[in-house]
2 protein chains.
Amino acid sequence: MDISEIAKQTGVPASTLRFYEEKGLIKSVGRSGLRRVFAPSALERLALIALGRAAGFSLDEIGKMFAPDGKPRIDRRVLSDKAAELDATIRRLGAVRDSLKHAAVCPAPSHMECPTFRRLLAIAAPGAVDRKVGRTSSKKPGVMAVSKARRR
Amino acid sequence: MDISEIAKQTGVPASTLRFYEEKGLIKSVGRSGLRRVFAPSALERLALIALGRAAGFSLDEIGKMFAPDGKPRIDRRVLSDKAAELDATIRRLGAVRDSLKHAAVCPAPSHMECPTFRRLLAIAAPGAVDRKVGRTSSKKPGVMAVSKARRR
DNA sequence: GTAAAACCTCAAGTCAACTTGAGGTCAAGA
DNA sequence: TCTTGACCTCAAGTTGACTTGAGGTTTTAC
């Protein structure tokens, strides 16, 4: 299969496939003239890569999950940890979604005056609301900074 | 309140607060000498910003959600749409998590040989598995590319 | 036989959201 | 007084994952 065939079937652009090959994430089985030739197994490999990306692994991390022989050799512990992390992310996103939905219908003049909204916000953006001020205050900062997820 | 007080209470670094001010996302009420002075309402504003970020809005989008007077003026439609988008993301992440969990325990020699894994993968990374090959084939590419989420 | 399409390499550019660094100001404590 | 530390500005750098572009070759279509 040539690069455009892989691109067509996976939706991954040819430029990305070349980039992945350069990074060692996929391999072509040879060349036909200049052109790369891929085995169909590249499709599976790309599916695994897509899964890894969706789970929040970096390309470098994903690269290390394949043994030099090409077979996936994955640390089960790492997977479980990531699954747990995803669980937390999912819960937080649920609160975010609920906050959004609530804000979309809540008639309160200012959302911050709405107890429901504040409660959701406390989960969605921990540390952002209701911290007591000063008073020889607690050193621990609230983490308003958005934690982890991924874009582009 | 000075910038370090805000930073301490929200966990957002001072450099980020200056950056946000420059972008028009937050405002200081004045200066004490060189130093910015913030009203406590900045904390609420930052909570809203954190929510927006968590929901996947860009800083520019968030900026447009505040009227010039400072009050949030939010398009309910936009919120509902984003909530729906989050719903989809949450479902997909659930499948990703399940794939990971399964891969962590599945004894199959190659994960791709495991039907359960393949089924989950089909949801986690749509288009990645089981597409029929060629045959005057369908033009639509599978989108193996990771869609949306956020990191950093 | 010739031109357009499809591929190639390699270097450089892009994007968002910040961070870092150099160089400077200012108030408070020893 | 002096020096430390918290703050300031503005420009430039960082990160990860790609994309784009220039310049070149090959394959396919007429």
# chains A, B, ... in the order shown; residues from 1 in each chain; ligands from 1
>>> closest_atom_pairs(of="chain C", to="chain A", cutoff="12 Å", atoms="only C-alpha atoms (C1' of nucleotides)", output="tab-separated table")
residue	atom	partner	partner_atom	distance
C:DA6	C1'	A:Ser4	CA	8.9
C:DC7	C1'	A:Arg35	CA	6.2
C:DC8	C1'	A:Leu34	CA	6.2
C:DT9	C1'	A:Leu34	CA	10.6
C:DC15	C1'	A:Arg152	CA	9.4
C:DA16	C1'	A:Arg151	CA	9.7
C:DA17	C1'	A:Val146	CA	11.5
C:DC18	C1'	A:Ala145	CA	11.7
>>> interface_residues(of="chain D", to="chain B", cutoff="12 Å", atoms="only C-alpha atoms (C1' of nucleotides)", output="ChimeraX atom specification")
/D:6-9,15-18
>>> write_last_selection(atoms="C-alpha atoms (C1' of nucleotides)", output="compact mmCIF listing (two decimals), in the first residue's frame")
# COMPACT_ATOMS: atom_id res chain seq x y z
C1' DA D 6 8.51 41.82 45.24
C1' DC D 7 6.95 43.98 41.62
C1' DC D 8 7.30 46.16 36.83
C1' DT D 9 7.93 46.19 31.14
C1' DT D 15 6.58 23.01 23.78
C1' DG D 16 4.44 19.28 20.99
C1' DA D 17 2.66 17.91 17.02
C1' DC D 18 2.40 18.84 12.96
>>> atom_distance(atom1="CA of Ser99 (chain B)", atom2="CA of Ala124 (chain B)")
7.6 Å
>>> select_by_dssp(residues="region 3-52 of chain A", states="alpha helix (DSSP H)", output="JSON, numbers by chain")
{"A": [3, 4, 5, 6, 7, 8, 9, 10, 14, 15, 16, 17, 18, 19, 20, 21, 22, 41, 42, 43, 44, 45, 46, 47, 48, 49, 50, 51, 52]}
>>> atom_distance(atom1="CA of Lys23 (chain A)", atom2="CA of Ala67 (chain A)")
14.2 Å
>>> select_by_dssp(residues="chain B", states="strand (DSSP E)", output="VMD selection string")
chain B and resid 30 to 32 35 to 37
